[in-house]
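Participant: Have a look at this one.
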Amino acid sequence: MTTKTVLVSGASVAGPSAAYWLHHYGYSVTVVEAAPALRPGGQAVDFRGEQVKLAAAMGLLDDLRAHETALGDQVQLDPAGQPAFTLPSGFTNGELEVLRGDLARILYDHTKDYTEYVFGDRVTSLTETADGVDVTFRHGAPRRFDLVVGADGVHSGVRTAAFGPESRFRTGLGFHVAGFTAPNHLGLDHSGLLYNEPGRGLMIASHRDPATVTVGLFFRGDPDGYGRPDLDRQKDILTDVFAGAGWAVPRLMTAVADAPDLYFDTVSQIKLDSWSRGRVVLLGDAAWCAGPGGSGTGLAMMGAQVLAGELAAAGGDHVTAFARYEQRLRKPARVGQRNGAGSADFLVPATAETLRKRNRMYRRLTGPIGRRVWQYLGNRAANSVKFREYPRSRVNVLP
Ligand SMILES: Cc1cc2nc3c(=O)[nH]c(=O)nc-3n(C[C@H](O)[C@H](O)[C@H](O)COP(=O)(O)OP(=O)(O)OC[C@H]3O[C@@H](n4cnc5c(N)ncnc54)[C@H](O)[C@@H]3O)c2cc1C
């Protein structure tokens with residue numbers, strides 16, 4: 001008897017979640033990650049409702065709680081550095097919030113004993129045969145797998161190899177995002193500050209480590225203007241874009257040069273007519289990236305469970321399983337993309353007038369009634385895929 005094998009590309013959130021659930025249903029999993037090691041960094045991600053049930057079923061809750069950000073209020077400052085409104089604790093951070101880098105580490109730690117992780121390599125070609133997929137890698141020797149999962153994010157290499165160039169599927173939302181860890185010069189204590197000028201802005205938050213803050217930078221610009229810049233160019237772009245900004249921005253920007261974990265990307269959505277081609281299937285941002293506010297992390301984790309569960313339910317028949325997986329995830333992914341589409345107007349209003357309007361709207365939203373509406377919308381998005389256990393079976397073992 002031979003266990004079926006799956007290659008998963010990407011070791012952030014979707015990839016290790018897929019490793020967990022595929023192993024749970026009897027598959028042997030290899031994860032290939034382009035970066036030389038797990039990537040640290042990223043902003044906070046939150047769990048609510050069904051997503052908490054999913055994390056509990058994966059045995060992650062204790063570790064997640066131990067890494068909780070416990071973020072309090074976040075104060076939005078206007079261009080003069082004065083408070084414009086306050087996002088109260090719980091407004092954006094759901095039932096349980098952790099940093100993306102901590103989540104990736106926890107998922108990796110929970111799966112590494114039974115998963116073959118290969119760092120510093122990537123898929124270069126995929127050739128489907130009658131009974132598998134022949135895969136070549138930039139560095140490693142060619143191998144054959146029964147199935148391939150592309151969980152390698154918005155710039156997915158698996159998607160390019162199996163579906164075609166990124167330009168066919170990616171739409172920029174008109175702004176760019178960067179994130180890094182910086183010294184806590186402002187003395188924040190489990191609290192956050194948001195600051196905007198027309199066309200650019202940032203959010204700073206203090207989480208578990210009192211010595212540091214996470215910084216998220218946002219700025220408007222041509223969706224494709226920067227291409228895929230290397231690290232030095234990313235730092236130059238950020239320095240140029242935030243030159244002359246007010247408030248505490250100049251001091252914060254001095255930390256960019258030494259940032260240990262700089263993340264930089266054009267904010268985009270990914271849309272495809274189908275998420276699978278034969279034995280190759282996409283998961284998470286590679287398939288349905290929505291942008292900020294689009295439940296990307298929760299949906300990637302839920303999608304991993306649905307994908308593996310449908311494979312088990314279909315007795316390993318990937319054609320049936322991939323179709324059912326897509327049926328369950330399509331609508332939630334659309335809702336996420338609808339929410340993400342408006343993120344530029346919240347995070348980085350373009351003009352002084354739209355900035356004032358945004359601030360007025362959020363003053364209302366953070367009042368007692370607005371807050372309930374906001375919570376309802378957040379919970380509805382998080383609960384759009386119900387957690388459902390699939391029966392475990394031995395069907396993934398080939399005779
Ligand atoms: C370092 C980092 C920081 C982030 N910060 C933020 C943030 O601040 N705000 C936000 O909204 N979202 C951020 N994201 C995106 C967020 O993690 C995802 O939207 C969400 O969690 C869904 O995760 P995913 O696993 O589908 O994709 P991602 O988290 O994007 O992970 C994709 C993984 O695949 C790897 N990869 C890429 N190409 C290849 C390839 N060709 N072969 C093998 N591996 C490849 C990447 O290195 C990465 O580890 C960040 C992602 C990363 C990797």
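All residue names refer to the structure tokens as shown: chains lettered A, B, ... in order, residues numbered from 1 in each chain, ligands numbered from 1 in order.
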Hey, what's within 12 Å of region 163-165 of chain A if we count only C-alpha atoms and toss same-chain stuff fewer than 3 positions away? As a list of chain:residue names, please?
Facilitator: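 Here the qualifying residues turn out to be A:Ser125, A:Leu126, A:Gly150, A:Val154, A:His155, A:Ser156, A:Gly157, A:Val158, A:Arg159, A:Thr160, A:Arg168, A:Phe169, A:Arg170, A:Ile270, A:Lys271, A:Leu272, A:Asp273, A:Ser274, A:Trp275, A:Ser276, A:Arg277, A:Gly278, A:Val280, A:Val281, A:Leu282, A:Ala286, A:Ala287.
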Participant: Export N, CA and C atoms of the chosen residues as an mmCIF file, in the first residue's frame?
Facilitator:
data_model
loop_
_atom_site.group_PDB
_atom_site.id
_atom_site.type_symbol
_atom_site.label_atom_id
_atom_site.label_comp_id
_atom_site.auth_asym_id
_atom_site.auth_seq_id
_atom_site.Cartn_x
_atom_site.Cartn_y
_atom_site.Cartn_z
ATOM 1 N N SER A 125 8.226 23.854 -12.927
ATOM 2 C CA SER A 125 7.265 23.372 -13.932
ATOM 3 C C SER A 125 6.428 22.244 -13.358
ATOM 4 N N LEU A 126 5.224 22.122 -13.918
ATOM 5 C CA LEU A 126 4.285 21.083 -13.507
ATOM 6 C C LEU A 126 3.803 20.383 -14.772
ATOM 7 N N GLY A 150 -1.358 24.923 -4.633
ATOM 8 C CA GLY A 150 -0.692 26.234 -4.699
ATOM 9 C C GLY A 150 -1.211 27.097 -3.560
ATOM 10 N N VAL A 154 -0.397 35.738 -3.311
ATOM 11 C CA VAL A 154 -0.900 36.527 -4.436
ATOM 12 C C VAL A 154 -0.002 36.387 -5.673
ATOM 13 N N HIS A 155 1.301 36.158 -5.459
ATOM 14 C CA HIS A 155 2.210 36.004 -6.606
ATOM 15 C C HIS A 155 2.544 34.525 -6.829
ATOM 16 N N SER A 156 1.580 33.667 -6.648
ATOM 17 C CA SER A 156 1.756 32.208 -6.686
ATOM 18 C C SER A 156 2.531 31.696 -7.905
ATOM 19 N N GLY A 157 3.579 30.914 -7.611
ATOM 20 C CA GLY A 157 4.333 30.280 -8.682
ATOM 21 C C GLY A 157 3.574 29.098 -9.284
ATOM 22 N N VAL A 158 2.816 28.387 -8.445
ATOM 23 C CA VAL A 158 2.018 27.253 -8.948
ATOM 24 C C VAL A 158 0.943 27.761 -9.911
ATOM 25 N N ARG A 159 0.337 28.903 -9.537
ATOM 26 C CA ARG A 159 -0.703 29.452 -10.427
ATOM 27 C C ARG A 159 -0.096 29.816 -11.774
ATOM 28 N N THR A 160 1.071 30.434 -11.755
ATOM 29 C CA THR A 160 1.706 30.797 -13.023
ATOM 30 C C THR A 160 2.004 29.540 -13.840
ATOM 31 N N ARG A 168 -3.134 38.013 -15.826
ATOM 32 C CA ARG A 168 -4.501 37.617 -16.218
ATOM 33 C C ARG A 168 -5.461 37.587 -15.038
ATOM 34 N N PHE A 169 -4.913 37.453 -13.833
ATOM 35 C CA PHE A 169 -5.782 37.180 -12.683
ATOM 36 C C PHE A 169 -5.733 38.253 -11.599
ATOM 37 N N ARG A 170 -4.739 39.148 -11.660
ATOM 38 C CA ARG A 170 -4.539 40.110 -10.576
ATOM 39 C C ARG A 170 -5.053 41.486 -10.955
ATOM 40 N N ILE A 270 -7.206 38.681 -6.486
ATOM 41 C CA ILE A 270 -6.988 37.614 -7.470
ATOM 42 C C ILE A 270 -8.335 36.994 -7.811
ATOM 43 N N LYS A 271 -8.625 36.914 -9.103
ATOM 44 C CA LYS A 271 -9.889 36.301 -9.538
ATOM 45 C C LYS A 271 -9.622 35.310 -10.662
ATOM 46 N N LEU A 272 -10.124 34.084 -10.485
ATOM 47 C CA LEU A 272 -10.009 33.049 -11.535
ATOM 48 C C LEU A 272 -11.375 32.401 -11.717
ATOM 49 N N ASP A 273 -11.646 31.924 -12.913
ATOM 50 C CA ASP A 273 -12.912 31.230 -13.154
ATOM 51 C C ASP A 273 -12.951 29.884 -12.461
ATOM 52 N N SER A 274 -11.792 29.263 -12.328
ATOM 53 C CA SER A 274 -11.741 27.965 -11.668
ATOM 54 C C SER A 274 -10.461 27.904 -10.846
ATOM 55 N N TRP A 275 -10.527 27.246 -9.694
ATOM 56 C CA TRP A 275 -9.350 27.182 -8.825
ATOM 57 C C TRP A 275 -8.548 25.899 -9.032
ATOM 58 N N SER A 276 -8.961 25.059 -9.959
ATOM 59 C CA SER A 276 -8.169 23.841 -10.179
ATOM 60 C C SER A 276 -7.975 23.581 -11.667
ATOM 61 N N ARG A 277 -6.884 22.920 -11.956
ATOM 62 C CA ARG A 277 -6.579 22.417 -13.306
ATOM 63 C C ARG A 277 -6.093 21.002 -13.096
ATOM 64 N N GLY A 278 -6.934 20.019 -13.421
ATOM 65 C CA GLY A 278 -6.525 18.632 -13.220
ATOM 66 C C GLY A 278 -6.174 18.365 -11.768
ATOM 67 N N VAL A 280 -3.967 19.921 -9.959
ATOM 68 C CA VAL A 280 -3.388 21.106 -9.308
ATOM 69 C C VAL A 280 -4.530 22.005 -8.814
ATOM 70 N N VAL A 281 -4.450 22.442 -7.552
ATOM 71 C CA VAL A 281 -5.524 23.261 -7.001
ATOM 72 C C VAL A 281 -4.917 24.434 -6.231
ATOM 73 N N LEU A 282 -5.615 25.564 -6.233
ATOM 74 C CA LEU A 282 -5.131 26.761 -5.534
ATOM 75 C C LEU A 282 -5.900 26.962 -4.238
ATOM 76 N N ALA A 286 -3.532 32.753 -3.173
ATOM 77 C CA ALA A 286 -3.214 32.331 -4.543
ATOM 78 C C ALA A 286 -4.486 32.207 -5.378
ATOM 79 N N ALA A 287 -5.593 31.841 -4.711
ATOM 80 C CA ALA A 287 -6.856 31.616 -5.430
ATOM 81 C C ALA A 287 -7.783 32.825 -5.377
#
Participant: With only C-alpha atoms and all ligand atoms counted and 7 Å as the cut-off, give the residues of chain A in contact with ligand 1, each with its shortest interatomic distance in Å and the pair that gives it, as JSON lines.
Facilitator:
{"residue": "A:Ser9", "atom": "CA", "partner": "ligand 1", "partner_atom_place_in_ligand_line": "43 (C)", "distance": 4.8}
{"residue": "A:Gly10", "atom": "CA", "partner": "ligand 1", "partner_atom_place_in_ligand_line": "34 (O)", "distance": 3.4}
{"residue": "A:Ala11", "atom": "CA", "partner": "ligand 1", "partner_atom_place_in_ligand_line": "49 (O)", "distance": 4.7}
{"residue": "A:Ser12", "atom": "CA", "partner": "ligand 1", "partner_atom_place_in_ligand_line": "49 (O)", "distance": 4.2}
{"residue": "A:Val13", "atom": "CA", "partner": "ligand 1", "partner_atom_place_in_ligand_line": "25 (O)", "distance": 3.8}
{"residue": "A:Ala14", "atom": "CA", "partner": "ligand 1", "partner_atom_place_in_ligand_line": "25 (O)", "distance": 3.7}
{"residue": "A:Gly15", "atom": "CA", "partner": "ligand 1", "partner_atom_place_in_ligand_line": "25 (O)", "distance": 5.7}
{"residue": "A:Val32", "atom": "CA", "partner": "ligand 1", "partner_atom_place_in_ligand_line": "43 (C)", "distance": 5.5}
{"residue": "A:Glu33", "atom": "CA", "partner": "ligand 1", "partner_atom_place_in_ligand_line": "44 (N)", "distance": 3.9}
{"residue": "A:Ala34", "atom": "CA", "partner": "ligand 1", "partner_atom_place_in_ligand_line": "43 (C)", "distance": 4.0}
{"residue": "A:Ala35", "atom": "CA", "partner": "ligand 1", "partner_atom_place_in_ligand_line": "47 (O)", "distance": 5.3}
{"residue": "A:Leu38", "atom": "CA", "partner": "ligand 1", "partner_atom_place_in_ligand_line": "49 (O)", "distance": 6.9}
{"residue": "A:Arg39", "atom": "CA", "partner": "ligand 1", "partner_atom_place_in_ligand_line": "1 (C)", "distance": 5.1}
{"residue": "A:Pro40", "atom": "CA", "partner": "ligand 1", "partner_atom_place_in_ligand_line": "1 (C)", "distance": 5.6}
{"residue": "A:Gly41", "atom": "CA", "partner": "ligand 1", "partner_atom_place_in_ligand_line": "1 (C)", "distance": 5.0}
{"residue": "A:Gly42", "atom": "CA", "partner": "ligand 1", "partner_atom_place_in_ligand_line": "5 (N)", "distance": 3.3}
{"residue": "A:Gln43", "atom": "CA", "partner": "ligand 1", "partner_atom_place_in_ligand_line": "8 (O)", "distance": 4.0}
{"residue": "A:Arg100", "atom": "CA", "partner": "ligand 1", "partner_atom_place_in_ligand_line": "17 (O)", "distance": 6.2}
{"residue": "A:Gly101", "atom": "CA", "partner": "ligand 1", "partner_atom_place_in_ligand_line": "1 (C)", "distance": 7.0}
{"residue": "A:Asp121", "atom": "CA", "partner": "ligand 1", "partner_atom_place_in_ligand_line": "43 (C)", "distance": 6.6}
{"residue": "A:Arg122", "atom": "CA", "partner": "ligand 1", "partner_atom_place_in_ligand_line": "42 (N)", "distance": 4.1}
{"residue": "A:Val123", "atom": "CA", "partner": "ligand 1", "partner_atom_place_in_ligand_line": "42 (N)", "distance": 5.9}
{"residue": "A:Ala151", "atom": "CA", "partner": "ligand 1", "partner_atom_place_in_ligand_line": "26 (O)", "distance": 5.4}
{"residue": "A:Asp152", "atom": "CA", "partner": "ligand 1", "partner_atom_place_in_ligand_line": "34 (O)", "distance": 3.3}
{"residue": "A:Gly153", "atom": "CA", "partner": "ligand 1", "partner_atom_place_in_ligand_line": "27 (O)", "distance": 3.7}
{"residue": "A:Val154", "atom": "CA", "partner": "ligand 1", "partner_atom_place_in_ligand_line": "30 (O)", "distance": 6.0}
{"residue": "A:His155", "atom": "CA", "partner": "ligand 1", "partner_atom_place_in_ligand_line": "38 (N)", "distance": 5.7}
{"residue": "A:Ser156", "atom": "CA", "partner": "ligand 1", "partner_atom_place_in_ligand_line": "38 (N)", "distance": 5.0}
{"residue": "A:Gly157", "atom": "CA", "partner": "ligand 1", "partner_atom_place_in_ligand_line": "41 (N)", "distance": 3.7}
{"residue": "A:Val158", "atom": "CA", "partner": "ligand 1", "partner_atom_place_in_ligand_line": "41 (N)", "distance": 6.5}
{"residue": "A:Ala178", "atom": "CA", "partner": "ligand 1", "partner_atom_place_in_ligand_line": "8 (O)", "distance": 6.7}
{"residue": "A:Gly179", "atom": "CA", "partner": "ligand 1", "partner_atom_place_in_ligand_line": "8 (O)", "distance": 5.4}
{"residue": "A:Gly216", "atom": "CA", "partner": "ligand 1", "partner_atom_place_in_ligand_line": "8 (O)", "distance": 6.4}
{"residue": "A:Tyr263", "atom": "CA", "partner": "ligand 1", "partner_atom_place_in_ligand_line": "3 (C)", "distance": 5.3}
{"residue": "A:Leu283", "atom": "CA", "partner": "ligand 1", "partner_atom_place_in_ligand_line": "26 (O)", "distance": 6.4}
{"residue": "A:Gly284", "atom": "CA", "partner": "ligand 1", "partner_atom_place_in_ligand_line": "26 (O)", "distance": 3.6}
{"residue": "A:Asp285", "atom": "CA", "partner": "ligand 1", "partner_atom_place_in_ligand_line": "26 (O)", "distance": 3.9}
{"residue": "A:Ala286", "atom": "CA", "partner": "ligand 1", "partner_atom_place_in_ligand_line": "26 (O)", "distance": 5.9}
{"residue": "A:Cys289", "atom": "CA", "partner": "ligand 1", "partner_atom_place_in_ligand_line": "19 (O)", "distance": 6.5}
{"residue": "A:Gly291", "atom": "CA", "partner": "ligand 1", "partner_atom_place_in_ligand_line": "11 (O)", "distance": 5.9}
{"residue": "A:Pro292", "atom": "CA", "partner": "ligand 1", "partner_atom_place_in_ligand_line": "11 (O)", "distance": 4.5}
{"residue": "A:Gly296", "atom": "CA", "partner": "ligand 1", "partner_atom_place_in_ligand_line": "20 (C)", "distance": 4.6}
{"residue": "A:Thr297", "atom": "CA", "partner": "ligand 1", "partner_atom_place_in_ligand_line": "21 (O)", "distance": 3.8}
{"residue": "A:Ala300", "atom": "CA", "partner": "ligand 1", "partner_atom_place_in_ligand_line": "22 (C)", "distance": 5.4}
Participant: Selection from above, N, CA and C atoms, as a CSV table (one decimal), in the first residue's frame, can you write it?
Facilitator:
chain,number,residue,atom,x,y,z
A,9,SER,N,2.8,24.3,-2.1
A,9,SER,CA,3.8,25.4,-2.3
A,9,SER,C,3.4,26.5,-1.4
A,10,GLY,N,4.3,27.0,-0.5
A,10,GLY,CA,4.0,28.1,0.3
A,10,GLY,C,3.9,27.7,1.8
A,11,ALA,N,4.7,28.3,2.7
A,11,ALA,CA,4.6,28.0,4.1
A,11,ALA,C,4.3,29.2,4.9
A,12,SER,N,3.2,29.8,4.7
A,12,SER,CA,2.7,31.0,5.5
A,12,SER,C,1.6,30.6,6.4
A,13,VAL,N,0.3,30.8,5.9
A,13,VAL,CA,-0.9,30.4,6.6
A,13,VAL,C,-1.6,29.3,5.9
A,14,ALA,N,-1.9,29.5,4.6
A,14,ALA,CA,-2.7,28.4,3.9
A,14,ALA,C,-1.9,27.1,3.8
A,15,GLY,N,-0.6,27.2,3.5
A,15,GLY,CA,0.2,26.0,3.3
A,15,GLY,C,0.3,25.1,4.5
A,32,VAL,N,6.9,23.2,0.0
A,32,VAL,CA,8.1,23.9,-0.5
A,32,VAL,C,7.9,25.4,-0.4
A,33,GLU,N,8.8,26.1,0.2
A,33,GLU,CA,8.7,27.5,0.5
A,33,GLU,C,9.9,28.2,-0.2
A,34,ALA,N,9.6,29.3,-0.9
A,34,ALA,CA,10.6,30.0,-1.6
A,34,ALA,C,11.6,30.7,-0.7
A,35,ALA,N,11.1,31.2,0.4
A,35,ALA,CA,12.0,31.9,1.4
A,35,ALA,C,13.0,30.9,2.0
A,38,LEU,N,11.1,30.3,7.6
A,38,LEU,CA,9.7,30.9,7.8
A,38,LEU,C,9.8,32.4,7.8
A,39,ARG,N,8.9,33.0,7.1
A,39,ARG,CA,9.0,34.5,7.0
A,39,ARG,C,8.3,35.1,8.3
A,40,PRO,N,9.0,36.0,9.0
A,40,PRO,CA,8.4,36.7,10.1
A,40,PRO,C,7.6,37.9,9.6
A,41,GLY,N,6.9,38.6,10.5
A,41,GLY,CA,6.3,39.9,10.1
A,41,GLY,C,4.9,39.8,9.7
A,42,GLY,N,4.4,41.0,9.4
A,42,GLY,CA,3.0,41.1,9.0
A,42,GLY,C,2.2,41.7,10.2
A,43,GLN,N,1.0,42.2,9.9
A,43,GLN,CA,0.1,42.8,10.9
A,43,GLN,C,-0.6,41.7,11.6
A,100,ARG,N,0.6,37.8,12.4
A,100,ARG,CA,0.7,36.8,11.3
A,100,ARG,C,1.9,36.0,11.4
A,101,GLY,N,3.0,36.6,11.8
A,101,GLY,CA,4.3,35.8,11.9
A,101,GLY,C,4.2,34.8,13.0
A,121,ASP,N,13.4,26.9,-1.9
A,121,ASP,CA,13.2,26.3,-3.3
A,121,ASP,C,11.8,26.6,-3.8
A,122,ARG,N,11.6,26.4,-5.1
A,122,ARG,CA,10.3,26.7,-5.6
A,122,ARG,C,10.0,25.9,-6.9
A,123,VAL,N,8.8,25.7,-7.2
A,123,VAL,CA,8.4,24.9,-8.4
A,123,VAL,C,8.7,25.7,-9.6
A,151,ALA,N,-0.4,27.2,-2.5
A,151,ALA,CA,-0.8,28.0,-1.3
A,151,ALA,C,0.3,29.1,-1.2
A,152,ASP,N,0.7,29.6,-2.3
A,152,ASP,CA,1.9,30.5,-2.3
A,152,ASP,C,1.6,31.9,-2.6
A,153,GLY,N,0.4,32.3,-2.2
A,153,GLY,CA,0.0,33.8,-2.1
A,153,GLY,C,-0.3,34.4,-3.4
A,154,VAL,N,-0.4,35.7,-3.3
A,154,VAL,CA,-0.9,36.5,-4.4
A,154,VAL,C,0.0,36.4,-5.7
A,155,HIS,N,1.3,36.2,-5.5
A,155,HIS,CA,2.2,36.0,-6.6
A,155,HIS,C,2.5,34.5,-6.8
A,156,SER,N,1.6,33.7,-6.6
A,156,SER,CA,1.8,32.2,-6.7
A,156,SER,C,2.5,31.7,-7.9
A,157,GLY,N,3.6,30.9,-7.6
A,157,GLY,CA,4.3,30.3,-8.7
A,157,GLY,C,3.6,29.1,-9.3
A,158,VAL,N,2.8,28.4,-8.4
A,158,VAL,CA,2.0,27.3,-8.9
A,158,VAL,C,0.9,27.8,-9.9
A,178,ALA,N,3.1,48.2,3.2
A,178,ALA,CA,4.4,47.7,3.7
A,178,ALA,C,4.3,47.5,5.2
A,179,GLY,N,5.0,46.6,5.8
A,179,GLY,CA,5.0,46.4,7.2
A,179,GLY,C,6.3,46.1,7.8
A,216,GLY,N,2.5,49.5,10.0
A,216,GLY,CA,1.9,49.2,8.7
A,216,GLY,C,1.8,50.5,7.9
A,263,TYR,N,8.0,43.8,4.9
A,263,TYR,CA,7.0,43.2,3.9
A,263,TYR,C,6.5,44.3,3.0
A,283,LEU,N,-5.2,27.6,-3.3
A,283,LEU,CA,-5.8,27.8,-1.9
A,283,LEU,C,-5.3,29.1,-1.4
A,284,GLY,N,-6.2,29.8,-0.6
A,284,GLY,CA,-5.8,31.1,0.0
A,284,GLY,C,-5.6,32.2,-1.0
A,285,ASP,N,-4.7,33.1,-0.7
A,285,ASP,CA,-4.5,34.3,-1.5
A,285,ASP,C,-4.2,33.9,-3.0
A,286,ALA,N,-3.5,32.8,-3.2
A,286,ALA,CA,-3.2,32.3,-4.5
A,286,ALA,C,-4.5,32.2,-5.4
A,289,CYS,N,-7.3,36.1,-3.3
A,289,CYS,CA,-6.8,37.2,-2.5
A,289,CYS,C,-7.8,38.4,-2.6
A,291,GLY,N,-7.4,41.3,-0.3
A,291,GLY,CA,-6.9,42.6,0.2
A,291,GLY,C,-7.3,42.8,1.7
A,292,PRO,N,-6.9,43.8,2.3
A,292,PRO,CA,-7.1,44.0,3.7
A,292,PRO,C,-8.6,44.1,4.0
A,296,GLY,N,-8.8,37.3,4.8
A,296,GLY,CA,-7.8,36.4,4.0
A,296,GLY,C,-7.3,35.3,4.8
A,297,THR,N,-6.9,35.5,6.1
A,297,THR,CA,-6.2,34.5,6.9
A,297,THR,C,-7.2,33.4,7.3
A,300,ALA,N,-8.3,31.3,4.4
A,300,ALA,CA,-7.2,30.4,3.9
A,300,ALA,C,-7.2,29.2,4.8
Participant: Give the strand (DSSP E) residues of region 70-101 of chain A, as DSSP finds them on the backbone, and put them as a VMD selection string.
Facilitator: chain A and resid 74 to 77 83 to 87 96 to 99
Participant: Could the residues in this selection be saved with C-alpha atoms as a PDB file, in the first residue's frame?
Facilitator:
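out.pdb was written with the following content:
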ATOM      1  CA  GLN A  74      -6.536  52.384  18.574  1.00  0.00           C
ATOM      2  CA  VAL A  75      -6.660  56.150  18.156  1.00  0.00           C
ATOM      3  CA  GLN A  76      -6.883  57.646  14.680  1.00  0.00           C
ATOM      4  CA  LEU A  77      -4.978  60.919  14.361  1.00  0.00           C
ATOM      5  CA  PRO A  83      -7.291  62.466  17.777  1.00  0.00           C
ATOM      6  CA  ALA A  84     -10.048  62.153  15.173  1.00  0.00           C
ATOM      7  CA  PHE A  85     -11.788  59.024  16.522  1.00  0.00           C
ATOM      8  CA  THR A  86     -11.032  55.913  18.568  1.00  0.00           C
ATOM      9  CA  LEU A  87     -11.435  52.312  17.457  1.00  0.00           C
ATOM     10  CA  LEU A  96      -8.621  36.312  19.457  1.00  0.00           C
ATOM     11  CA  GLU A  97      -5.853  38.198  17.671  1.00  0.00           C
ATOM     12  CA  VAL A  98      -2.246  37.216  16.967  1.00  0.00           C
ATOM     13  CA  LEU A  99       0.481  38.522  14.696  1.00  0.00           C
TER      14      LEU A  99
END
Participant: I need the residues in region 107-259 of chain A that are helix (DSSP H, G or I) according to DSSP; give them as a PyMOL selection string.
Facilitator: chain A and resi 107-111+157-163+166-168+231-241+249-253
Participant: Which one of A:Thr351, A:Gln375, A:Asn339, A:Gln305 sits closest to Pro79 (chain A) if you count only C-alpha atoms?
Facilitator: A:Thr351
Participant: Can you list, as a list in words, every protein, DNA or RNA residue that comes within 10 Å of Asp345 (chain A) when you count only C-alpha atoms, leaving out same-chain residues fewer than 3 positions away?
Facilitator: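 So, after excluding close chain neighbours, the residues are Gly199, Ala341, Gly342, Val348, Pro349, Ala350, Thr354, Leu355, Lys357 and Arg358 of chain A.
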Participant: Within 9 Å of Asp134 (chain A), counting only C-alpha atoms, which residues show up once you throw out same-chain ones fewer than 4 positions away? Write them as a VMD selection string, please.
Facilitator: chain A and resid 125 to 129 142 to 146
Participant: Could you save the residues just selected, with N, CA and C atoms, as an mmCIF file, in the first residue's frame?
Facilitator:
data_model
loop_
_atom_site.group_PDB
_atom_site.id
_atom_site.type_symbol
_atom_site.label_atom_id
_atom_site.label_comp_id
_atom_site.auth_asym_id
_atom_site.auth_seq_id
_atom_site.Cartn_x
_atom_site.Cartn_y
_atom_site.Cartn_z
ATOM 1 N N SER A 125 8.226 23.854 -12.927
ATOM 2 C CA SER A 125 7.265 23.372 -13.932
ATOM 3 C C SER A 125 6.428 22.244 -13.358
ATOM 4 N N LEU A 126 5.224 22.122 -13.918
ATOM 5 C CA LEU A 126 4.285 21.083 -13.507
ATOM 6 C C LEU A 126 3.803 20.383 -14.772
ATOM 7 N N THR A 127 3.962 19.069 -14.846
ATOM 8 C CA THR A 127 3.471 18.334 -16.011
ATOM 9 C C THR A 127 2.564 17.213 -15.515
ATOM 10 N N GLU A 128 1.309 17.294 -15.901
ATOM 11 C CA GLU A 128 0.366 16.288 -15.412
ATOM 12 C C GLU A 128 0.423 15.038 -16.294
ATOM 13 N N THR A 129 0.425 13.881 -15.638
ATOM 14 C CA THR A 129 0.354 12.603 -16.360
ATOM 15 C C THR A 129 -0.915 11.908 -15.898
ATOM 16 N N PRO A 142 13.831 16.585 -9.659
ATOM 17 C CA PRO A 142 12.417 16.434 -10.046
ATOM 18 C C PRO A 142 11.749 15.344 -9.219
ATOM 19 N N ARG A 143 10.454 15.515 -8.954
ATOM 20 C CA ARG A 143 9.703 14.510 -8.192
ATOM 21 C C ARG A 143 8.298 14.396 -8.745
ATOM 22 N N ARG A 144 7.648 13.274 -8.417
ATOM 23 C CA ARG A 144 6.238 13.109 -8.809
ATOM 24 C C ARG A 144 5.351 13.109 -7.559
ATOM 25 N N PHE A 145 4.215 13.820 -7.643
ATOM 26 C CA PHE A 145 3.236 13.847 -6.546
ATOM 27 C C PHE A 145 1.867 13.489 -7.114
ATOM 28 N N ASP A 146 0.982 12.988 -6.237
ATOM 29 C CA ASP A 146 -0.383 12.710 -6.699
ATOM 30 C C ASP A 146 -1.161 14.004 -6.936
#
Participant: Using only C-alpha atoms, can you tell me which of A:Ala321, A:Leu231, A:Ala211, A:Leu252 comes closest to Asp189 (chain A)?
Facilitator: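 Under the stated criterion, the closest residue is A:Ala211.
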Participant: Looking at only C-alpha atoms, which of A:Val319, A:Gly227, A:Asp209, A:Pro183 is the one that sits closest to Thr254 (chain A)?
Facilitator: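 The closest residue to Thr254 (chain A) is A:Pro183.
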Participant: So, with only C-alpha atoms as the atoms that count, which of A:His24, A:Ser343, A:Arg338, A:Ser167 lies closest to Phe219 (chain A)?
Facilitator: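 Using only C-alpha atoms, Phe219 (chain A) sits closest to A:Ser343.
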Participant: Hey, which bits of region 253-346 of chain A sit within 10 Å of region 384-391 of chain A, and for each residue what's the closest pair of atoms and how far apart in Å (one decimal), counting only C-alpha atoms, rows by chain and increasing number, as a tab-separated table?
Facilitator:
residue	atom	partner	partner_atom	distance
A:Gly298	CA	A:Val385	CA	9.6
A:Leu299	CA	A:Val385	CA	8.0
A:Met302	CA	A:Val385	CA	7.2
A:Gly303	CA	A:Val385	CA	8.7
A:Gln305	CA	A:Phe387	CA	8.5
A:Val306	CA	A:Arg388	CA	8.2
A:Ala308	CA	A:Tyr390	CA	8.9
A:Gly309	CA	A:Tyr390	CA	5.2
A:Glu310	CA	A:Tyr390	CA	7.5
A:Leu311	CA	A:Tyr390	CA	9.6
A:Ala312	CA	A:Pro391	CA	7.4
A:Ala313	CA	A:Tyr390	CA	6.7
A:Arg328	CA	A:Val385	CA	7.5
A:Leu329	CA	A:Val385	CA	7.3
A:Lys331	CA	A:Ser384	CA	8.3
A:Pro332	CA	A:Ser384	CA	5.6
A:Ala333	CA	A:Ser384	CA	9.1
A:Val335	CA	A:Ser384	CA	8.6
A:Gly336	CA	A:Ser384	CA	9.5
Participant: Do a neighbour search on Ser28 (chain A) at 12 Å with only C-alpha atoms, toss out local chain neighbours closer than 6 positions, and write the hits as a list in words.
Facilitator: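 Residues near the query, excluding close chain neighbours: Thr2, Thr3, Lys4, Thr5, Val6, Leu7, Val8, Ala18, Ala19, Tyr20, Trp21, Leu22, Thr111, Asp113, Tyr114, Thr115, Glu116, Tyr117, Phe145, Asp146, Leu147, Val148, Ala308, Asn396, Val397 and Leu398 of chain A.
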